[in-house]
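Content type mmCIF, C-alpha atoms, from the file query34.cif:
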data_start
#
loop_
_atom_site.label_atom_id
_atom_site.label_comp_id
_atom_site.auth_asym_id
_atom_site.auth_seq_id
_atom_site.Cartn_x
_atom_site.Cartn_y
_atom_site.Cartn_z
CA MET Q 1 0.00 0.00 0.00
CA THR Q 2 2.66 2.51 1.08
CA ARG Q 3 4.89 1.37 -1.77
CA THR Q 4 2.13 2.06 -4.34
CA PHE Q 5 1.54 5.42 -2.76
CA LEU Q 6 5.25 6.29 -2.92
CA TRP Q 7 5.38 5.26 -6.60
CA ALA Q 8 2.37 7.40 -7.37
CA LEU Q 9 3.95 10.33 -5.54
CA ALA Q 10 7.23 9.93 -7.43
CA LEU Q 11 5.38 9.75 -10.76
CA PHE Q 12 3.36 12.82 -9.90
CA GLY Q 13 6.53 14.68 -8.89
CA LEU Q 14 8.26 13.72 -12.13
CA MET Q 15 5.31 14.86 -14.26
CA PHE Q 16 5.10 18.11 -12.35
CA SER Q 17 8.76 18.96 -12.75
CA LEU Q 18 8.66 17.97 -16.44
CA SER Q 19 5.72 20.18 -17.20
CA ALA Q 20 7.26 23.05 -15.21
CA GLY Q 21 10.53 22.60 -17.08
CA MET Q 22 8.77 22.54 -20.40
CA SER Q 23 6.83 25.70 -19.67
CA ILE Q 24 10.07 27.48 -18.69
CA ALA Q 25 11.77 26.18 -21.84
CA SER Q 26 8.93 27.32 -24.06
CA ALA Q 27 8.98 30.73 -22.38
CA ASN Q 28 12.69 30.98 -23.10
CA ASN Q 29 12.29 29.93 -26.72
CA THR Q 30 9.72 32.56 -27.58
CA PRO Q 31 10.29 35.65 -25.42
CA THR Q 32 7.71 38.36 -25.96
CA THR Q 33 9.38 41.17 -24.05
CA ILE Q 34 12.93 42.28 -23.45
CA THR Q 35 14.51 44.75 -21.04
CA ARG Q 36 17.27 46.87 -22.53
CA ASP Q 37 18.89 49.98 -21.08
CA GLY Q 38 16.30 50.10 -18.33
CA VAL Q 39 13.24 49.91 -20.58
CA THR Q 40 11.02 46.86 -21.03
CA LEU Q 41 9.52 46.60 -24.49
CA THR Q 42 8.14 44.00 -26.89
CA MET Q 43 10.40 42.31 -29.39
CA SER Q 44 8.93 44.25 -32.32
CA GLN Q 45 9.39 47.51 -30.43
CA GLU Q 46 12.98 46.52 -29.65
CA ARG Q 47 13.65 45.80 -33.34
CA ARG Q 48 12.25 49.23 -34.23
CA ALA Q 49 14.42 50.88 -31.54
CA GLU Q 50 17.47 49.13 -33.03
CA VAL Q 51 16.61 50.43 -36.51
CA ILE Q 52 16.44 53.98 -35.10
CA GLY Q 53 19.62 53.59 -33.03
CA ASN Q 54 21.55 52.29 -36.01
CA GLN Q 55 20.82 55.50 -37.92
CA LEU Q 56 22.18 57.72 -35.15
CA ARG Q 57 25.79 58.60 -34.42
CA CYS Q 58 27.18 58.16 -30.93
CA LEU Q 59 28.52 61.65 -30.28
CA VAL Q 60 31.20 60.44 -27.89
CA CYS Q 61 32.85 57.80 -30.10
CA GLN Q 62 31.83 59.45 -33.30
CA ASN Q 63 32.10 56.64 -35.84
CA GLU Q 64 29.96 54.22 -33.87
CA THR Q 65 26.20 53.96 -33.92
CA VAL Q 66 24.13 54.64 -30.81
CA GLU Q 67 23.26 50.91 -30.84
CA ASN Q 68 26.88 49.71 -30.86
CA SER Q 69 28.54 52.23 -28.57
CA GLN Q 70 29.50 51.47 -24.98
CA ALA Q 71 29.58 55.17 -24.06
CA GLY Q 72 27.33 56.32 -21.22
CA LEU Q 73 25.67 58.94 -23.42
CA ALA Q 74 24.85 56.30 -26.08
CA ARG Q 75 23.28 54.11 -23.39
CA GLN Q 76 21.19 57.08 -22.33
CA PHE Q 77 20.18 57.71 -25.96
CA ARG Q 78 19.13 54.05 -26.28
CA GLY Q 79 16.93 54.51 -23.19
CA ILE Q 80 15.39 57.68 -24.65
CA ILE Q 81 14.71 55.94 -27.98
CA ARG Q 82 13.13 52.92 -26.28
CA ARG Q 83 10.93 54.95 -23.95
CA ARG Q 84 9.60 56.90 -26.91
CA VAL Q 85 9.05 53.77 -29.01
CA VAL Q 86 7.03 52.30 -26.12
CA LYS Q 87 5.02 55.57 -25.97
CA GLY Q 88 4.11 54.96 -29.61
CA TRP Q 89 6.30 57.56 -31.32
CA SER Q 90 7.12 56.84 -34.97
CA ASN Q 91 10.73 56.33 -36.10
CA ARG Q 92 10.59 59.74 -37.78
CA GLN Q 93 9.41 61.45 -34.59
CA VAL Q 94 12.20 59.90 -32.49
CA ILE Q 95 14.85 60.85 -35.06
CA ARG Q 96 13.46 64.40 -35.26
CA TYR Q 97 13.67 64.62 -31.44
CA MET Q 98 17.39 63.80 -31.57
CA VAL Q 99 18.13 66.05 -34.58
CA HIS Q 100 16.34 68.92 -32.80
CA ARG Q 101 18.91 68.65 -29.99
CA TYR Q 102 22.10 67.64 -31.77
CA GLY Q 103 21.61 68.78 -35.37
CA ILE Q 104 22.01 66.70 -38.54
CA PHE Q 105 25.49 65.64 -37.38
CA ILE Q 106 23.78 62.95 -35.31
CA LEU Q 107 22.51 61.31 -38.51
CA LEU Q 108 25.01 58.80 -39.90
CA LYS Q 109 23.49 59.27 -43.37
CA PRO Q 110 23.41 62.99 -44.22
CA PRO Q 111 19.99 64.13 -45.46
CA LEU Q 112 19.59 65.97 -48.76
CA ILE Q 113 19.32 69.62 -47.68
CA PRO Q 114 20.77 72.79 -49.31
CA MET Q 115 23.94 72.43 -47.21
CA THR Q 116 24.58 68.87 -48.45
CA VAL Q 117 23.69 69.35 -52.14
CA LEU Q 118 27.37 69.45 -53.16
CA LEU Q 119 28.06 66.31 -51.10
CA TRP Q 120 25.20 64.34 -52.66
CA PHE Q 121 25.79 65.48 -56.22
CA SER Q 122 29.60 65.35 -56.22
CA PRO Q 123 29.56 61.90 -57.94
CA VAL Q 124 27.41 63.34 -60.74
CA ILE Q 125 29.67 66.39 -61.01
CA ALA Q 126 32.77 64.18 -61.14
CA LEU Q 127 31.14 62.03 -63.85
CA VAL Q 128 30.28 65.10 -65.98
CA VAL Q 129 33.79 66.57 -65.61
CA GLY Q 130 35.41 63.23 -66.45
CA ALA Q 131 33.18 62.66 -69.47
CA THR Q 132 33.91 66.18 -70.73
CA VAL Q 133 37.67 65.64 -70.46
CA ILE Q 134 37.48 62.29 -72.29
CA LEU Q 135 35.22 63.63 -75.06
CA ALA Q 136 37.40 66.73 -75.55
CA GLY Q 137 40.52 64.57 -75.77
CA ARG Q 138 38.91 62.23 -78.30
CA ARG Q 139 37.73 65.12 -80.47
CA ARG Q 140 41.23 66.61 -80.52
CA ARG Q 141 42.75 63.26 -81.48
CA MET Q 142 40.28 62.85 -84.35
CA LYS Q 143 41.37 66.20 -85.89
CA PRO Q 144 43.37 65.50 -89.13
CA VAL Q 145 47.10 66.17 -88.94
CA PRO Q 146 47.91 69.33 -90.96
CA GLU Q 147 49.91 68.95 -94.18
CA LEU Q 148 53.66 69.52 -93.96
CA GLU Q 149 55.06 72.84 -95.15
CA PRO Q 150 57.20 72.65 -98.37
CA ASP Q 151 60.46 73.12 -96.44
CA GLU Q 152 59.37 70.51 -93.89
CA GLN Q 153 58.67 68.06 -96.76
CA LYS Q 154 62.14 68.76 -98.12
CA ARG Q 155 63.71 68.06 -94.69
CA LEU Q 156 61.69 64.85 -94.38
CA LYS Q 157 62.91 63.62 -97.75
CA GLU Q 158 66.49 64.42 -96.70
CA LEU Q 159 66.08 62.41 -93.51
CA LEU Q 160 64.49 59.45 -95.24
CA ASN Q 161 67.21 59.24 -97.89
CA MET M 1 44.77 78.96 -77.52
CA GLY M 2 48.10 80.53 -76.52
CA HIS M 3 51.55 79.01 -76.74
CA PRO M 4 51.29 75.17 -76.55
CA LEU M 5 54.41 74.80 -74.40
CA LEU M 6 53.19 77.40 -71.92
CA ARG M 7 49.80 75.71 -71.79
CA ARG M 8 51.37 72.35 -71.07
CA ARG M 9 53.50 73.88 -68.28
CA LEU M 10 50.41 75.48 -66.78
CA LEU M 11 48.55 72.17 -66.93
CA LEU M 12 51.47 70.37 -65.25
CA SER M 13 51.73 72.96 -62.48
CA LEU M 14 48.00 72.72 -61.77
CA PRO M 15 48.19 69.46 -59.71
CA LEU M 16 51.23 70.86 -57.89
CA ALA M 17 49.32 74.03 -57.01
CA ALA M 18 46.35 71.98 -55.83
CA ALA M 19 48.58 69.81 -53.63
CA THR M 20 50.30 72.89 -52.18
CA ALA M 21 46.95 74.54 -51.40
CA GLY M 22 45.69 71.33 -49.77
CA GLY M 23 48.85 71.02 -47.67
CA LEU M 24 48.62 74.63 -46.58
CA GLY M 25 44.98 74.20 -45.58
CA PHE M 26 45.81 71.07 -43.63
CA TYR M 27 48.68 72.85 -41.86
CA ILE M 28 46.35 75.71 -40.86
CA LEU M 29 43.82 73.21 -39.46
CA LEU M 30 46.52 71.42 -37.46
CA GLU M 31 47.83 74.72 -36.13
CA ARG M 32 44.32 75.83 -35.11
CA ALA M 33 43.70 72.43 -33.47
CA ARG M 34 46.93 72.90 -31.50
CA GLN M 35 45.82 76.34 -30.31
CA GLY M 36 42.41 74.98 -29.36
CA THR M 37 40.40 77.14 -31.77
CA TYR M 38 39.50 74.22 -34.04
CA ASN M 39 38.08 70.88 -32.96
CA PRO M 40 37.42 68.38 -35.77
CA GLN M 41 34.96 66.45 -33.61
CA THR M 42 32.74 69.39 -32.81
CA PHE M 43 29.57 70.40 -34.65
CA SER M 44 27.33 73.43 -34.46
CA ASN M 45 24.71 73.21 -31.73
CA PRO M 46 21.24 73.87 -33.19
CA LEU M 47 20.25 75.76 -30.03
CA VAL M 48 22.33 78.81 -31.03
CA GLY M 49 19.91 81.60 -31.97
CA HIS M 50 17.05 80.01 -30.05
CA ARG M 51 15.61 80.24 -26.55
CA VAL M 52 16.93 77.85 -23.89
CA PRO M 53 14.86 74.67 -23.37
CA ASP M 54 12.60 74.42 -20.31
CA PHE M 55 14.28 73.02 -17.23
CA ARG M 56 14.27 73.33 -13.45
CA LEU M 57 17.22 71.97 -11.46
CA VAL M 58 18.05 71.90 -7.75
CA GLY M 59 21.31 73.09 -6.25
CA ILE M 60 23.65 71.21 -3.92
CA ASP M 61 23.04 70.71 -0.19
CA GLY M 62 19.53 72.07 -0.38
CA LYS M 63 20.65 75.35 -1.94
CA HIS M 64 18.46 76.83 -4.62
CA GLY M 65 19.37 75.76 -8.10
CA PHE M 66 17.93 77.52 -11.10
CA GLY M 67 15.83 76.93 -14.16
CA SER M 68 15.09 78.31 -17.59
CA SER M 69 12.79 81.00 -16.10
CA GLN M 70 15.68 82.55 -14.13
CA LEU M 71 17.90 82.45 -17.23
CA ILE M 72 15.21 84.16 -19.30
CA ALA M 73 14.56 86.77 -16.57
CA SER M 74 18.22 87.79 -16.22
CA LYS M 75 19.03 91.38 -17.26
CA LYS M 76 22.70 90.51 -17.80
CA PRO M 77 24.24 88.04 -20.25
CA ILE M 78 25.04 84.72 -18.60
CA LEU M 79 27.72 82.19 -19.36
CA LEU M 80 26.09 78.81 -18.69
CA ASN M 81 28.78 76.22 -17.99
CA PHE M 82 28.16 72.46 -17.95
CA PHE M 83 30.93 70.77 -15.98
CA ALA M 84 31.62 67.82 -13.66
CA SER M 85 34.02 67.10 -10.84
CA TRP M 86 35.14 63.92 -12.65
CA CYS M 87 36.02 65.81 -15.84
CA VAL M 88 39.71 66.57 -16.40
CA PRO M 89 39.34 69.38 -19.01
CA CYS M 90 36.89 71.09 -16.61
CA ALA M 91 39.65 71.45 -14.04
CA GLY M 92 41.82 72.78 -16.88
CA GLU M 93 39.38 75.58 -17.72
CA ALA M 94 38.70 76.43 -14.04
CA PRO M 95 41.39 79.18 -13.80
CA TYR M 96 40.05 80.85 -16.97
CA LEU M 97 36.48 80.69 -15.65
CA ASP M 98 37.79 82.50 -12.58
CA VAL M 99 39.26 85.25 -14.79
CA ILE M 100 35.97 85.55 -16.72
CA SER M 101 33.90 85.83 -13.53
CA LYS M 102 36.32 88.43 -12.07
CA SER M 103 35.92 90.48 -15.27
CA GLY M 104 32.24 90.89 -14.34
CA VAL M 105 30.55 88.12 -16.32
CA ASP M 106 28.03 86.00 -14.43
CA ILE M 107 28.75 82.29 -14.79
CA TRP M 108 25.99 79.86 -13.89
CA GLY M 109 27.14 76.28 -13.47
CA ILE M 110 25.34 73.00 -14.07
CA ALA M 111 27.12 70.01 -12.55
CA TYR M 112 26.55 67.12 -14.97
CA GLN M 113 26.00 63.64 -13.48
CA ASP M 114 27.87 64.48 -10.31
CA LYS M 115 27.75 63.62 -6.62
CA ALA M 116 27.39 66.33 -3.94
CA LYS M 117 30.47 65.27 -1.98
CA ALA M 118 32.77 65.06 -5.01
CA LEU M 119 31.39 68.37 -6.27
CA ALA M 120 32.11 70.17 -2.96
CA PHE M 121 35.66 68.79 -3.01
CA TYR M 122 36.15 69.91 -6.63
CA LEU M 123 34.89 73.46 -5.95
CA ALA M 124 37.12 73.75 -2.89
CA LYS M 125 40.15 72.60 -4.89
CA TYR M 126 39.68 74.37 -8.26
CA GLY M 127 37.66 77.38 -7.13
CA ASP M 128 34.01 78.30 -7.41
CA PRO M 129 33.42 80.92 -10.14
CA TYR M 130 29.67 80.29 -10.22
CA THR M 131 27.08 82.92 -9.34
CA ARG M 132 24.48 80.15 -9.29
CA LEU M 133 24.93 76.42 -9.22
CA ALA M 134 22.55 73.64 -10.16
CA THR M 135 22.94 69.89 -10.52
CA ASP M 136 21.79 67.65 -13.37
CA PRO M 137 22.19 64.16 -11.88
CA THR M 138 20.34 62.36 -14.71
CA GLY M 139 21.89 64.41 -17.51
CA ARG M 140 18.48 64.93 -19.11
CA THR M 141 18.75 68.73 -19.10
CA ALA M 142 22.17 68.42 -20.72
CA ILE M 143 20.63 66.29 -23.50
CA ASN M 144 17.92 68.92 -24.02
CA PHE M 145 20.73 71.45 -24.48
CA GLY M 146 22.45 69.17 -27.00
CA VAL M 147 25.41 68.66 -24.65
CA TYR M 148 27.44 65.54 -25.52
CA GLY M 149 30.31 65.91 -23.08
CA VAL M 150 31.67 68.24 -20.44
CA PRO M 151 32.77 71.00 -20.39
CA GLU M 152 30.37 72.83 -22.68
CA SER M 153 29.42 76.49 -22.35
CA PHE M 154 26.56 78.61 -23.69
CA LEU M 155 26.44 82.40 -23.81
CA ILE M 156 22.88 83.43 -23.06
CA ALA M 157 21.61 86.93 -23.82
CA PRO M 158 18.87 88.60 -21.75
CA GLY M 159 15.59 86.95 -22.74
CA GLY M 160 17.16 83.50 -22.67
CA ILE M 161 18.41 83.45 -26.27
CA VAL M 162 21.55 81.36 -26.80
CA ARG M 163 24.06 83.51 -28.66
CA TRP M 164 27.15 81.34 -28.71
CA HIS M 165 28.20 77.83 -27.77
CA ILE M 166 31.45 75.96 -27.30
CA ALA M 167 31.91 72.22 -26.79
CA GLY M 168 35.22 71.93 -24.98
CA PRO M 169 37.23 73.93 -22.46
CA LEU M 170 37.25 77.73 -22.48
CA VAL M 171 40.90 78.47 -23.25
CA PRO M 172 42.37 81.98 -23.83
CA PRO M 173 42.28 81.86 -27.69
CA ILE M 174 38.58 80.93 -27.59
CA ILE M 175 37.79 83.45 -24.85
CA ASN M 176 39.56 86.30 -26.67
CA GLU M 177 38.61 85.50 -30.27
CA GLN M 178 35.06 84.22 -29.78
CA LEU M 179 33.55 84.82 -26.33
CA ARG M 180 34.66 88.45 -25.83
CA PRO M 181 33.42 89.65 -29.27
CA GLU M 182 30.07 87.89 -28.65
CA LEU M 183 29.78 89.53 -25.22
CA GLN M 184 30.46 92.94 -26.81
CA LYS M 185 27.73 92.30 -29.39
CA ILE M 186 25.19 91.78 -26.57
CA ALA M 187 26.32 94.84 -24.55
#

Would you mind writing the structure in this file as structure tokens?
Amino acid sequence: MTRTFLWALALFGLMFSLSAGMSIASANNTPTTITRDGVTLTMSQERRAEVIGNQLRCLVCQNETVENSQAGLARQFRGIIRRRVVKGWSNRQVIRYMVHRYGIFILLKPPLIPMTVLLWFSPVIALVVGATVILAGRRRRMKPVPELEPDEQKRLKELLN
Amino acid sequence: MGHPLLRRRLLLSLPLAAATAGGLGFYILLERARQGTYNPQTFSNPLVGHRVPDFRLVGIDGKHGFGSSQLIASKKPILLNFFASWCVPCAGEAPYLDVISKSGVDIWGIAYQDKAKALAFYLAKYGDPYTRLATDPTGRTAINFGVYGVPESFLIAPGGIVRWHIAGPLVPPIINEQLRPELQKIA
């Protein structure tokens, strides 16, 4: 009697721990929220925050993105971005918030504004200048060689003989 | 089209002239960086020409701090200085801040992400040139000002309009060539 009871208890215990383990495992396999830089947000919100952070320059280590940088200010920026994403701000709104404070320098990709026209169109300008030089050179080469003067012809004959 | 030999010589000297001009420009930049009047990592703060952002900060040890309303209400121009006791270049600019304050310019300080004890020690050691002092423990006000490191200073005209900004220490070339002329423009 006691033996049967003990077996039943052991079986029950095993099933309980298995089911508990499985529920933990399934929770780990498909997390729905994540806490980063002090903000808890859903996975899709986190992905959106990463997209925003990867467009912004860390102003302390200036060639790193806000997402990659270990600087304290970048961590703070990541928190600001995430809190605003959770509040429902659009990517554009968050980026505008940062540009309002730090100017377009914070954008890793410079926008097309009057100040950056030369920067954006310099490849086109270089192409036009290069094409002009090549075309001008070709036209000059195609020009027929002028006839020799009579005295030059005489000198040529002398040299050839 | 002119003498062909002369034209060829001109064409050949063109790259040389371009290289010389580039070298000269680079030398000037290096020289200005050495003097402290040029910083390749800096960028213009978009706040210049605009009113200071809203903020309200407390002082240390229960003393009154200040906020944007006090800055806007001031009848005199104010040099707003973000600094920290843990910041080495801040200690470097401390003697020059002292000179500026003794010349009659009000300097209001905001201690960025600092602790009261360390701050008191710093002020005792490097001097306290501040007419008013506030603390920004979270650094949120600094971010609203577009501050990305300490020290940074803003010259604020009566009415709270930012007239000039420098990211980096206030050294004599910057004080004499930039800050003083801007102060004269306000007066």

**Study point:** Result set of the PyMOL selection byres ((chain Q and resi 68) around 12) on the coordinates above, as a ChimeraX atom specification
**Key:** /Q:50-51,53-58,60-67,69-75,77-78

Give the residues of chain M that lie within 7 Å of chain Q; count all atoms listed in the file, and format the answer as a CSV table (one decimal) with C-alpha atoms, keeping the file's coordinate frame.
chain,number,residue,atom,x,y,z
M,43,PHE,CA,29.6,70.4,-34.6
M,45,ASN,CA,24.7,73.2,-31.7
M,46,PRO,CA,21.2,73.9,-33.2
M,144,ASN,CA,17.9,68.9,-24.0
M,145,PHE,CA,20.7,71.4,-24.5
M,146,GLY,CA,22.4,69.2,-27.0
M,148,TYR,CA,27.4,65.5,-25.5

Applied to this file, what does the PyMOL selection byres ((chain M and resi 48) around 6) return in terms of residues, put as a CSV table (one decimal) with C-alpha atoms, in the coordinates of the input?
chain,number,residue,atom,x,y,z
M,46,PRO,CA,21.2,73.9,-33.2
M,47,LEU,CA,20.2,75.8,-30.0
M,49,GLY,CA,19.9,81.6,-32.0
M,50,HIS,CA,17.0,80.0,-30.0
M,162,VAL,CA,21.6,81.4,-26.8
M,163,ARG,CA,24.1,83.5,-28.7
M,164,TRP,CA,27.2,81.3,-28.7

Exercise for review: Fewer than 5 positions away in the same chain doesn't count, so skip those; otherwise give me all residues within 7 Å of Val150 (chain M), counting all atoms listed in the file, as a list in words.
Suggested key: Phe82, Phe83, Ala84, Cys87 and Gly168 of chain M

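Shortest separation to Ser69 (chain M) among M:Pro137, M:Gly127, M:Pro169, M:Gly160 occurs at residue M:Gly160, atoms counted being all atoms listed in the file.
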
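Nearest residue to Gly92 (chain M), choosing from M:Val52, M:Leu170, M:Leu29, M:Leu6 and counting all atoms listed in the file: M:Leu170.
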
Practice item. May I ask for the distance between CA of Glu152 (chain M) and CA of Arg92 (chain Q), given in Å to one decimal place? Key: 28.1 Å

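Computed from the coordinates, the CA of Leu119 (chain M) to CA of Ser85 (chain M) distance equals 5.4 Å.
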
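Rounded to one decimal, CA of Leu112 (chain Q) and CA of Ile125 (chain Q) lie 15.9 Å from each other.
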
Review point. Please, which residues are within 12 Å of (28.0, 65.2, -2.3) by the file's coordinates, counting all atoms listed in the file, and could they come as a count of residues only?
Key: 19

Once 4 Å is added on each side, what centre and edge lengths in Å to one decimal does the axis-aligned box around all listed atoms of region 114-124 of chain M have, as lines of an AutoDock Vina configuration file?
center_x = 32.3
center_y = 68.7
center_z = -6.1
size_x = 17.7
size_y = 18.1
size_z = 16.3

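Applied to the file shown here, the PyMOL selection byres ((chain M and resi 181-185) around 12) selects the residues Lys76, Pro77, Ile78, Leu79, Ile100, Ser103, Gly104, Val105, Asp106, Phe154, Leu155, Ile156, Ala157, Pro158, Val162, Arg163, Trp164, His165, Pro173, Ile174, Ile175, Asn176, Glu177, Gln178, Leu179, Arg180, Ile186 and Ala187 of chain M.
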
Point to revise | Selected residue, from Q:Pro123, Q:Pro150, Q:Pro144, Q:Gly79, that lies nearest to Thr40 (chain Q) when counting all atoms listed in the file | key: Q:Gly79
